[in-house]
Amino acid sequence: MARRHAIALLGGAVLAGLLPGSVNADTAAVPFGLQVDLFAKVADYDKTLPGRSQGLVRVVVVVRSGVPESVAAGARVLNALSSVPRISGLPHEDSVVELPTPEALADLCRSRSIGILYLSPGLLDADEAIAKALSGVPVLTVSSTADGARRGAALGFDLVGGKPKLLVNLPVCTAQGIRLSSDVLKIATVIP
């Protein structure tokens, strides 16, 4: 019953109209606090997260120094994460890293058993290379933008008709070993 309630909350949050207007392709359309709430709820439906997290969900927020929006987004996401008590029923440890090479990012995810990798705005030019480097690395990649999901993150966020919408990139989920419940896929825009 609790899972049904959580998915209903997730669906309601995604479908609730929160922001008008259009945005630049590399600008987050959905507020960062709402993005954190949504990806934390989606993580509850990632069937592989508890096994790969080893009792602690490690969340890494990737920013690009020199891009004020990216750095500010990283701070907002960390702040929002501080109010989330548990992710997938587990405690979480959150950190920010400056964008390294895609290969170094993949090594970080492997060596530290990163459960969720959040890609802030300002990384659009690196999304495809990051996705390629993370193929075979079990990590849920979350982009702050819709284009980020289209270009290589497992999840992303968009505005459709002025309403927040979750995007799920199924090929990336498969490449990164992520198995999301069909309950999430029913309410998301699925990128085949």
# chains A, B, ... in the order shown; residues from 1 in each chain; ligands from 1
call {"tool": "residues_around", "arguments": {"residues": "Val30 in chain A", "least_positions_apart": "2", "cutoff": "9 Å", "atoms": "only C-alpha atoms", "output": "ChimeraX atom specification"}}
result
/A:18-19,28,32-35,144-145,157-159,163-165
call {"tool": "write_last_selection", "arguments": {"atoms": "N, CA and C atoms", "output": "compact mmCIF listing (two decimals), in the first residue's frame"}}
result
# COMPACT_ATOMS: atom_id res chain seq x y z
N LEU A 18 3.26 23.34 -12.66
CA LEU A 18 4.00 24.18 -11.74
C LEU A 18 4.67 25.38 -12.39
N LEU A 19 5.08 25.27 -13.64
CA LEU A 19 5.81 26.36 -14.26
C LEU A 19 5.30 26.65 -15.67
N ALA A 28 17.54 24.05 -16.73
CA ALA A 28 16.57 23.20 -16.04
C ALA A 28 15.19 23.83 -16.11
N PHE A 32 14.77 22.65 -8.98
CA PHE A 32 15.70 21.64 -8.49
C PHE A 32 15.16 20.86 -7.29
N GLY A 33 14.46 21.53 -6.40
CA GLY A 33 13.88 20.82 -5.25
C GLY A 33 12.89 19.77 -5.69
N LEU A 34 12.07 20.10 -6.69
CA LEU A 34 11.11 19.12 -7.21
C LEU A 34 11.84 17.99 -7.92
N GLN A 35 12.91 18.32 -8.65
CA GLN A 35 13.69 17.26 -9.30
C GLN A 35 14.23 16.27 -8.26
N SER A 144 19.39 17.20 -15.22
CA SER A 144 18.51 18.30 -14.84
C SER A 144 17.65 18.75 -16.01
N THR A 145 17.96 18.28 -17.22
CA THR A 145 17.25 18.73 -18.42
C THR A 145 16.70 17.56 -19.24
N PHE A 157 14.13 15.70 -16.86
CA PHE A 157 12.90 16.42 -16.54
C PHE A 157 12.62 17.45 -17.62
N ASP A 158 11.33 17.63 -17.94
CA ASP A 158 10.92 18.57 -18.97
C ASP A 158 9.60 19.21 -18.57
N LEU A 159 9.24 20.24 -19.29
CA LEU A 159 7.90 20.81 -19.19
C LEU A 159 7.15 20.46 -20.46
N LYS A 163 3.55 21.60 -17.76
CA LYS A 163 3.54 20.67 -16.62
C LYS A 163 4.84 19.87 -16.58
N PRO A 164 5.38 19.65 -15.38
CA PRO A 164 6.60 18.84 -15.27
C PRO A 164 6.37 17.41 -15.76
N LYS A 165 7.36 16.89 -16.45
CA LYS A 165 7.27 15.53 -16.99
C LYS A 165 8.61 14.82 -16.78
call {"tool": "residues_around", "arguments": {"residues": "range 120-134 of chain A", "least_positions_apart": "3", "cutoff": "6 Å", "atoms": "only C-alpha atoms", "output": "ChimeraX atom specification"}}
result
/A:26-27,63,70,102-103,106,137,144,151-152
call {"tool": "residues_around", "arguments": {"residues": "Ile87 in chain A", "least_positions_apart": "2", "cutoff": "12 Å", "atoms": "only C-alpha atoms", "output": "PyMOL selection string"}}
result
chain A and resi 36-46+49-50+53+55-59+81-85+89-94+115-116
call {"tool": "closest_atom_pairs", "arguments": {"of": "range 67-160 of chain A", "to": "range 178-182 of chain A", "cutoff": "10 Å", "atoms": "only C-alpha atoms", "output": "tab-separated table"}}
result
residue	atom	partner	partner_atom	distance
A:Val137	CA	A:Ile178	CA	9.6
A:Pro138	CA	A:Ile178	CA	6.8
A:Val139	CA	A:Ile178	CA	7.2
A:Leu140	CA	A:Ile178	CA	6.6
A:Thr141	CA	A:Ile178	CA	9.5
A:Ala154	CA	A:Ile178	CA	8.4
call {"tool": "atom_distance", "arguments": {"atom1": "CA of Ala146 in chain A", "atom2": "CA of Arg52 in chain A"}}
result
26.0 Å
call {"tool": "select_by_dssp", "arguments": {"residues": "chain A", "states": "strand (DSSP E or B)", "output": "PyMOL selection string"}}
result
chain A and resi 46+57-63+87+90+92-98+114-119+140-143+155-160+163-169+180+189-191
call {"tool": "write_last_selection", "arguments": {"atoms": "N, CA and C atoms", "output": "compact mmCIF listing (two decimals), in the first residue's frame"}}
result
# COMPACT_ATOMS: atom_id res chain seq x y z
N ASP A 46 13.61 1.69 -8.45
CA ASP A 46 14.77 1.13 -9.12
C ASP A 46 15.07 -0.19 -8.42
N VAL A 57 23.15 4.96 0.05
CA VAL A 57 23.02 5.49 -1.31
C VAL A 57 23.94 6.70 -1.43
N ARG A 58 24.93 6.57 -2.27
CA ARG A 58 25.84 7.69 -2.52
C ARG A 58 25.35 8.47 -3.73
N VAL A 59 25.10 9.76 -3.51
CA VAL A 59 24.63 10.65 -4.56
C VAL A 59 25.75 11.63 -4.88
N VAL A 60 26.13 11.71 -6.13
CA VAL A 60 27.15 12.67 -6.57
C VAL A 60 26.49 13.64 -7.54
N VAL A 61 26.67 14.92 -7.26
CA VAL A 61 26.16 15.99 -8.11
C VAL A 61 27.35 16.51 -8.91
N VAL A 62 27.26 16.44 -10.23
CA VAL A 62 28.35 16.88 -11.10
C VAL A 62 28.06 18.30 -11.56
N VAL A 63 29.04 19.20 -11.37
CA VAL A 63 28.91 20.59 -11.79
C VAL A 63 30.09 20.95 -12.68
N ILE A 87 16.64 7.49 0.82
CA ILE A 87 16.38 7.20 -0.59
C ILE A 87 16.30 5.70 -0.73
N LEU A 90 17.04 3.82 2.38
CA LEU A 90 18.41 3.80 2.89
C LEU A 90 18.91 5.22 3.17
N HIS A 92 21.53 8.31 2.88
CA HIS A 92 22.32 8.71 1.72
C HIS A 92 23.42 9.67 2.11
N GLU A 93 24.47 9.65 1.28
CA GLU A 93 25.63 10.52 1.43
C GLU A 93 25.74 11.30 0.13
N ASP A 94 25.78 12.62 0.23
CA ASP A 94 25.72 13.47 -0.94
C ASP A 94 26.99 14.30 -1.08
N SER A 95 27.46 14.45 -2.31
CA SER A 95 28.65 15.26 -2.55
C SER A 95 28.58 15.89 -3.92
N VAL A 96 29.43 16.89 -4.13
CA VAL A 96 29.54 17.58 -5.41
C VAL A 96 30.93 17.33 -5.95
N VAL A 97 31.02 17.09 -7.26
CA VAL A 97 32.32 17.01 -7.92
C VAL A 97 32.30 17.91 -9.15
N GLU A 98 33.45 18.49 -9.42
CA GLU A 98 33.61 19.26 -10.64
C GLU A 98 33.79 18.26 -11.78
N ILE A 114 28.77 4.55 -6.43
CA ILE A 114 27.81 5.66 -6.52
C ILE A 114 26.48 5.09 -6.98
N GLY A 115 25.40 5.44 -6.27
CA GLY A 115 24.07 4.96 -6.62
C GLY A 115 23.34 5.88 -7.59
N ILE A 116 23.53 7.19 -7.41
CA ILE A 116 22.84 8.18 -8.24
C ILE A 116 23.85 9.25 -8.64
N LEU A 117 23.89 9.55 -9.92
CA LEU A 117 24.77 10.59 -10.46
C LEU A 117 23.88 11.66 -11.07
N TYR A 118 23.88 12.85 -10.48
CA TYR A 118 23.04 13.96 -10.94
C TYR A 118 23.89 14.90 -11.79
N LEU A 119 23.45 15.13 -13.02
CA LEU A 119 24.17 15.99 -13.96
C LEU A 119 23.48 17.35 -14.02
N LEU A 140 22.41 5.17 -11.48
CA LEU A 140 21.24 5.87 -12.02
C LEU A 140 21.65 7.28 -12.35
N THR A 141 21.76 7.60 -13.64
CA THR A 141 22.14 8.95 -14.05
C THR A 141 20.88 9.79 -14.21
N VAL A 142 20.92 11.00 -13.64
CA VAL A 142 19.79 11.91 -13.66
C VAL A 142 20.27 13.23 -14.24
N SER A 143 19.63 13.67 -15.30
CA SER A 143 19.95 14.97 -15.88
C SER A 143 18.94 16.00 -15.42
N LEU A 155 17.48 9.38 -16.57
CA LEU A 155 16.30 10.20 -16.25
C LEU A 155 16.56 11.64 -16.59
N GLY A 156 15.47 12.35 -16.87
CA GLY A 156 15.54 13.79 -17.08
C GLY A 156 14.18 14.39 -16.81
N PHE A 157 14.13 15.70 -16.86
CA PHE A 157 12.90 16.42 -16.54
C PHE A 157 12.62 17.45 -17.62
N ASP A 158 11.33 17.63 -17.94
CA ASP A 158 10.92 18.57 -18.97
C ASP A 158 9.60 19.21 -18.57
N LEU A 159 9.24 20.24 -19.29
CA LEU A 159 7.90 20.81 -19.19
C LEU A 159 7.15 20.46 -20.46
N VAL A 160 5.98 19.89 -20.30
CA VAL A 160 5.14 19.54 -21.43
C VAL A 160 3.79 20.19 -21.17
N LYS A 163 3.55 21.60 -17.76
CA LYS A 163 3.54 20.67 -16.62
C LYS A 163 4.84 19.87 -16.58
N PRO A 164 5.38 19.65 -15.38
CA PRO A 164 6.60 18.84 -15.27
C PRO A 164 6.37 17.41 -15.76
N LYS A 165 7.36 16.89 -16.45
CA LYS A 165 7.27 15.53 -16.99
C LYS A 165 8.61 14.82 -16.78
N LEU A 166 8.54 13.59 -16.34
CA LEU A 166 9.71 12.74 -16.16
C LEU A 166 10.00 12.03 -17.48
N LEU A 167 11.27 12.04 -17.89
CA LEU A 167 11.70 11.30 -19.08
C LEU A 167 12.58 10.14 -18.63
N VAL A 168 12.38 8.97 -19.24
CA VAL A 168 13.18 7.78 -18.94
C VAL A 168 13.78 7.30 -20.24
N ASN A 169 15.11 7.23 -20.29
CA ASN A 169 15.83 6.74 -21.46
C ASN A 169 16.09 5.25 -21.24
N LEU A 180 13.78 -0.19 -13.77
CA LEU A 180 12.72 0.58 -13.14
C LEU A 180 11.40 -0.18 -13.21
N THR A 189 7.54 9.85 -19.86
CA THR A 189 7.76 9.80 -21.30
C THR A 189 8.97 8.90 -21.49
N VAL A 190 8.78 7.81 -22.20
CA VAL A 190 9.84 6.82 -22.36
C VAL A 190 10.57 7.07 -23.68
N ILE A 191 11.88 7.17 -23.59
CA ILE A 191 12.73 7.33 -24.78
C ILE A 191 13.19 5.93 -25.15
call {"tool": "closest_residue", "arguments": {"among": "A:Arg112, A:Pro31, A:Asp107, A:Lys47", "to": "Ala80 in chain A", "atoms": "only C-alpha atoms"}}
result
A:Pro31
call {"tool": "select_by_dssp", "arguments": {"residues": "range 9-117 of chain A", "states": "helix (DSSP H, G or I)", "output": "VMD selection string"}}
result
chain A and resid 9 to 15 32 to 43 49 to 53 68 to 81 102 to 112
call {"tool": "write_last_selection", "arguments": {"atoms": "N, CA and C atoms", "output": "compact mmCIF listing (two decimals), in the first residue's frame"}}
result
# COMPACT_ATOMS: atom_id res chain seq x y z
N LEU A 9 1.88 9.81 -5.41
CA LEU A 9 2.49 11.11 -5.14
C LEU A 9 3.42 11.50 -6.28
N LEU A 10 4.21 10.55 -6.76
CA LEU A 10 5.12 10.80 -7.86
C LEU A 10 4.34 11.24 -9.10
N GLY A 11 3.30 10.49 -9.43
CA GLY A 11 2.48 10.84 -10.59
C GLY A 11 1.84 12.20 -10.43
N GLY A 12 1.34 12.48 -9.25
CA GLY A 12 0.71 13.78 -9.01
C GLY A 12 1.70 14.92 -9.14
N ALA A 13 2.91 14.72 -8.64
CA ALA A 13 3.92 15.76 -8.73
C ALA A 13 4.34 15.99 -10.17
N VAL A 14 4.46 14.91 -10.93
CA VAL A 14 4.87 15.05 -12.32
C VAL A 14 3.77 15.70 -13.14
N LEU A 15 2.54 15.39 -12.84
CA LEU A 15 1.44 15.89 -13.63
C LEU A 15 0.92 17.25 -13.17
N PHE A 32 14.77 22.65 -8.98
CA PHE A 32 15.70 21.64 -8.49
C PHE A 32 15.16 20.86 -7.29
N GLY A 33 14.46 21.53 -6.40
CA GLY A 33 13.88 20.82 -5.25
C GLY A 33 12.89 19.77 -5.69
N LEU A 34 12.07 20.10 -6.69
CA LEU A 34 11.11 19.12 -7.21
C LEU A 34 11.84 17.99 -7.92
N GLN A 35 12.91 18.32 -8.65
CA GLN A 35 13.69 17.26 -9.30
C GLN A 35 14.23 16.27 -8.26
N VAL A 36 14.75 16.78 -7.16
CA VAL A 36 15.28 15.91 -6.11
C VAL A 36 14.17 15.03 -5.55
N ASP A 37 13.01 15.63 -5.25
CA ASP A 37 11.89 14.83 -4.75
C ASP A 37 11.52 13.74 -5.73
N LEU A 38 11.50 14.08 -7.01
CA LEU A 38 11.09 13.11 -8.02
C LEU A 38 12.13 12.00 -8.20
N PHE A 39 13.41 12.35 -8.31
CA PHE A 39 14.38 11.27 -8.52
C PHE A 39 14.54 10.41 -7.27
N ALA A 40 14.31 10.99 -6.09
CA ALA A 40 14.34 10.18 -4.86
C ALA A 40 13.17 9.19 -4.85
N LYS A 41 12.01 9.62 -5.34
CA LYS A 41 10.86 8.71 -5.43
C LYS A 41 11.07 7.65 -6.51
N VAL A 42 11.63 8.06 -7.65
CA VAL A 42 11.92 7.09 -8.72
C VAL A 42 12.90 6.04 -8.21
N ALA A 43 13.87 6.45 -7.41
CA ALA A 43 14.85 5.50 -6.86
C ALA A 43 14.18 4.40 -6.05
N LEU A 49 18.80 -0.70 -7.09
CA LEU A 49 19.50 0.25 -6.22
C LEU A 49 19.89 -0.33 -4.86
N PRO A 50 19.01 -0.98 -4.14
CA PRO A 50 19.43 -1.48 -2.82
C PRO A 50 20.63 -2.43 -2.89
N GLY A 51 20.68 -3.29 -3.88
CA GLY A 51 21.78 -4.24 -4.00
C GLY A 51 23.10 -3.59 -4.34
N ARG A 52 23.07 -2.54 -5.15
CA ARG A 52 24.34 -1.92 -5.54
C ARG A 52 24.77 -0.82 -4.59
N SER A 53 23.91 -0.43 -3.65
CA SER A 53 24.24 0.66 -2.74
C SER A 53 24.92 0.20 -1.46
N PRO A 68 28.04 29.53 -13.94
CA PRO A 68 27.32 29.90 -12.72
C PRO A 68 26.04 29.10 -12.49
N GLU A 69 25.27 28.83 -13.55
CA GLU A 69 24.03 28.06 -13.39
C GLU A 69 24.32 26.66 -12.88
N SER A 70 25.39 26.05 -13.36
CA SER A 70 25.76 24.70 -12.94
C SER A 70 26.14 24.68 -11.47
N VAL A 71 26.99 25.60 -11.06
CA VAL A 71 27.44 25.67 -9.67
C VAL A 71 26.27 25.96 -8.74
N ALA A 72 25.42 26.91 -9.13
CA ALA A 72 24.24 27.25 -8.31
C ALA A 72 23.29 26.07 -8.22
N ALA A 73 23.11 25.36 -9.32
CA ALA A 73 22.23 24.18 -9.32
C ALA A 73 22.77 23.12 -8.38
N GLY A 74 24.09 22.91 -8.39
CA GLY A 74 24.70 21.94 -7.49
C GLY A 74 24.40 22.26 -6.04
N ALA A 75 24.51 23.53 -5.68
CA ALA A 75 24.22 23.95 -4.30
C ALA A 75 22.74 23.73 -3.96
N ARG A 76 21.85 24.04 -4.90
CA ARG A 76 20.42 23.86 -4.66
C ARG A 76 20.06 22.38 -4.50
N VAL A 77 20.66 21.54 -5.34
CA VAL A 77 20.38 20.11 -5.27
C VAL A 77 20.89 19.54 -3.94
N LEU A 78 22.09 19.91 -3.53
CA LEU A 78 22.61 19.44 -2.24
C LEU A 78 21.71 19.90 -1.10
N ASN A 79 21.26 21.15 -1.16
CA ASN A 79 20.36 21.67 -0.13
C ASN A 79 19.06 20.87 -0.10
N ALA A 80 18.49 20.60 -1.26
CA ALA A 80 17.24 19.82 -1.32
C ALA A 80 17.46 18.40 -0.82
N LEU A 81 18.59 17.80 -1.14
CA LEU A 81 18.88 16.45 -0.67
C LEU A 81 18.98 16.39 0.86
N PRO A 102 34.97 12.00 -18.69
CA PRO A 102 33.96 10.96 -18.56
C PRO A 102 34.52 9.66 -17.99
N GLU A 103 35.72 9.29 -18.38
CA GLU A 103 36.34 8.06 -17.89
C GLU A 103 36.62 8.15 -16.39
N ALA A 104 37.08 9.31 -15.94
CA ALA A 104 37.34 9.51 -14.50
C ALA A 104 36.02 9.48 -13.72
N LEU A 105 34.96 9.99 -14.32
CA LEU A 105 33.64 9.95 -13.67
C LEU A 105 33.17 8.50 -13.54
N ALA A 106 33.37 7.71 -14.58
CA ALA A 106 33.01 6.29 -14.52
C ALA A 106 33.84 5.57 -13.45
N ASP A 107 35.12 5.87 -13.38
CA ASP A 107 35.98 5.26 -12.35
C ASP A 107 35.50 5.64 -10.96
N LEU A 108 35.11 6.89 -10.76
CA LEU A 108 34.59 7.34 -9.47
C LEU A 108 33.34 6.56 -9.10
N CYS A 109 32.44 6.40 -10.07
CA CYS A 109 31.19 5.66 -9.81
C CYS A 109 31.47 4.22 -9.42
N ARG A 110 32.42 3.59 -10.10
CA ARG A 110 32.78 2.20 -9.79
C ARG A 110 33.47 2.09 -8.43
N SER A 111 34.45 2.91 -8.20
CA SER A 111 35.27 2.77 -7.00
C SER A 111 34.52 3.14 -5.72
N ARG A 112 33.56 4.07 -5.81
CA ARG A 112 32.83 4.51 -4.61
C ARG A 112 31.41 3.96 -4.55
call {"tool": "atom_distance", "arguments": {"atom1": "CA of Gly136 in chain A", "atom2": "CA of Thr48 in chain A"}}
result
13.5 Å
call {"tool": "atom_distance", "arguments": {"atom1": "CA of Pro171 in chain A", "atom2": "CA of Ser113 in chain A"}}
result
21.3 Å
call {"tool": "closest_residue", "arguments": {"among": "A:Ser135, A:Arg150, A:Arg64, A:Pro192", "to": "Gly177 in chain A", "atoms": "only C-alpha atoms"}}
result
A:Ser135
